[in-house]
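First up is the structure itself, then whatever we jot down about it.
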Amino acid sequence: MTGNFLFDWLQLALSLFCCILLLWLGLTVLLNSEQRTGSVLLITATAFFGSIFFAAHTAILQFAGRIAAPSLDFWWQVGWLMLVALPYGWYVIVLWYGGYGEKESPLRQRHRLPAAVLGVLMAMLLCALLLASPLPALTQMIQLQPENVAALLGVPWFLVLYPLYMLACLGQALLALHDTAGVAAAELLGLARRRARPWLVATTALLGLVNGLVMAAIVWFHFLPRDGNTSPGAVLAGAAWFDLAVSLLLAAAIVLIGQAMVHFEIFSGRTLPRRELRRHWNYALVLAGGYGILVGGSLAYGLRPIYDLLLAGLLMAALFALTGWRTFQHQQAFVRRLQPFVTGTHLYA
């Protein structure tokens with residue numbers, strides 16, 4: 001972390017917010033789907049991967065410079081494994097939204113080859129991370145001394161290839177959304193999917209901005225002087241600003257995809273969206289935001305772990321009680337609205 005309390009607090013709060021919200025979205029899609037098909041499992045896995053990435057991101061933010069390098073390297077590797085899987089996961093989600101799994105879908109012929117090529121590329125990048133160690137250790141990156149890593153244009157080759165891979169996945173996702181515009185106009189997609197399309201387009205656009213920031217960070221890293229005059233603190237400070245901007249964009253993208261998933265239930269297979277699920281989405285936003293603010297603030301301030309646990313426990317108990325109270329209130333209101341139909345003497349008439 002940078003040592004600036006407010007800056008570190010915002011970073012940790014955003015990371016915890018995204019971690020909890022993605023976990024909630026994954027579990028909600030899994031538990032509320034009519035059928036747990038392969039596409040539903042893929043969407044759930046993508047949300048879980050994103051949650052794991054932000055868990056690793058939080059650990060790196062909290063413990064950078066405080067614990068042994070092997071522990072940092074573990075979270076560094078875990079985070080990159082999730083980062084490789086996420087762009088392709090989003091591309092496949094967009095394909096499923098457009099009806100790729102249906103036999104007569106127009107997306108099948110146009111995206112069969114790109115989906116296969118990008119899937120192979122993702123598998124190759126994952127194998128490289130697991131077997132070849134294409135990335136330097138995090139401490140080496142901070143000290144601008146990457147060792148025993150093949151470089152391309154002065155940058156580790158993996159950091160050059162990854163943004164291009166991510167750009168290809170997002171570009172194909174945008175093309176798929178463009179292709180589904182005609183399908184939606186022909187009313188081959190359900191009403192909920194047609195209404196959710198702008199949210200998915202906006203999410204993909206935000207992810208494209210994230211990719212642009214990643215490329216900018218790599219260019220910035222490339223032009224940093226290696227003559228020993230650049231201190232690790234300066235590298236961490238510059239990286240922290242890039243990280244904050246990326247976290248803000250990702251948090252906005254997660255909220256947008258959550259809106260599409262909850263308000264229109266495009267991934268659950270249900271015919272009619274339910275108001276109760278929207279209420280729980282609002283509760284999840286409050287939980288993730290409150291947890292990020294409280295626990296992130298305590299971590300940035302440096303409180304002992306017992307206080308973090310107490311704050312988290314108190315927040316969970318309070319939100320659970322409020323959720324139960326609101327659910328009971330909605331049930332009572334529903335019974336009051338239903339009572340005239342049940343007790344009326346002219347019901348059959």
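Ordering of the structure tokens sets the chain letters (A, B, ...), residue numbers begin anew at 1 in every chain, and ligands are numbered from 1 in the order given.
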**Item:** Residues of region 70-259 of chain A in strand (DSSP E or B), written as number ranges by chain
**Value:** A: 151-152, 155-156
Go ahead and write the residues just picked, N, CA and C atoms, as a PDB file, in the first residue's frame.
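In the end it all went to part.pdb:
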ATOM      1  N   ALA A 151      11.818 -11.698 -22.538  1.00  0.00           N
ATOM      2  CA  ALA A 151      11.254 -10.364 -22.720  1.00  0.00           C
ATOM      3  C   ALA A 151      11.012 -10.088 -24.193  1.00  0.00           C
ATOM      4  N   LEU A 152      10.048  -9.203 -24.438  1.00  0.00           N
ATOM      5  CA  LEU A 152       9.733  -8.745 -25.785  1.00  0.00           C
ATOM      6  C   LEU A 152       9.613  -7.225 -25.720  1.00  0.00           C
ATOM      7  N   VAL A 155       9.897  -5.879 -22.200  1.00  0.00           N
ATOM      8  CA  VAL A 155       8.828  -6.220 -21.268  1.00  0.00           C
ATOM      9  C   VAL A 155       8.617  -7.725 -21.319  1.00  0.00           C
ATOM     10  N   PRO A 156       8.367  -8.363 -20.175  1.00  0.00           N
ATOM     11  CA  PRO A 156       8.066  -9.807 -20.218  1.00  0.00           C
ATOM     12  C   PRO A 156       7.009 -10.116 -21.263  1.00  0.00           C
TER      13      PRO A 156
END
**Request:** For Val210 (chain A), please output as a list in words all residues within 8 Å (counting only C-alpha atoms; exclusion window: fewer than 6 positions along the same chain).
**Result:** Val246, Leu249 and Leu250 of chain A
**Item:** Surrounding residues of region 300-317 of chain A excluding itself and chain neighbours under 5 positions, 7 Å, only C-alpha atoms, as a PyMOL selection string
**Value:** chain A and resi 5+8-9+291+294-295
Okay, now the selection with C-alpha atoms, as a compact mmCIF listing (two decimals), in the first residue's frame?
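File written: result-v6.txt
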# COMPACT_ATOMS: atom_id res chain seq x y z
CA PHE A 5 -4.79 6.25 4.60
CA ASP A 8 -5.42 2.79 0.70
CA TRP A 9 -8.89 2.74 2.24
CA TYR A 291 -18.19 -4.51 4.32
CA LEU A 294 -15.66 -0.97 7.38
CA VAL A 295 -13.12 -3.74 6.85
**Request:** May I ask for the distance between CA of Phe158 (chain A) and CA of His111 (chain A), given in Å to one decimal place?
**Result:** 25.4 Å
**Prompt:** What residues in region 32-273 of chain A get the DSSP label alpha helix (DSSP H)? Please answer as a PyMOL selection string.
**Reply:** chain A and resi 32+38-63+69-97+107-127+138-142+157-185+191-222+232-263
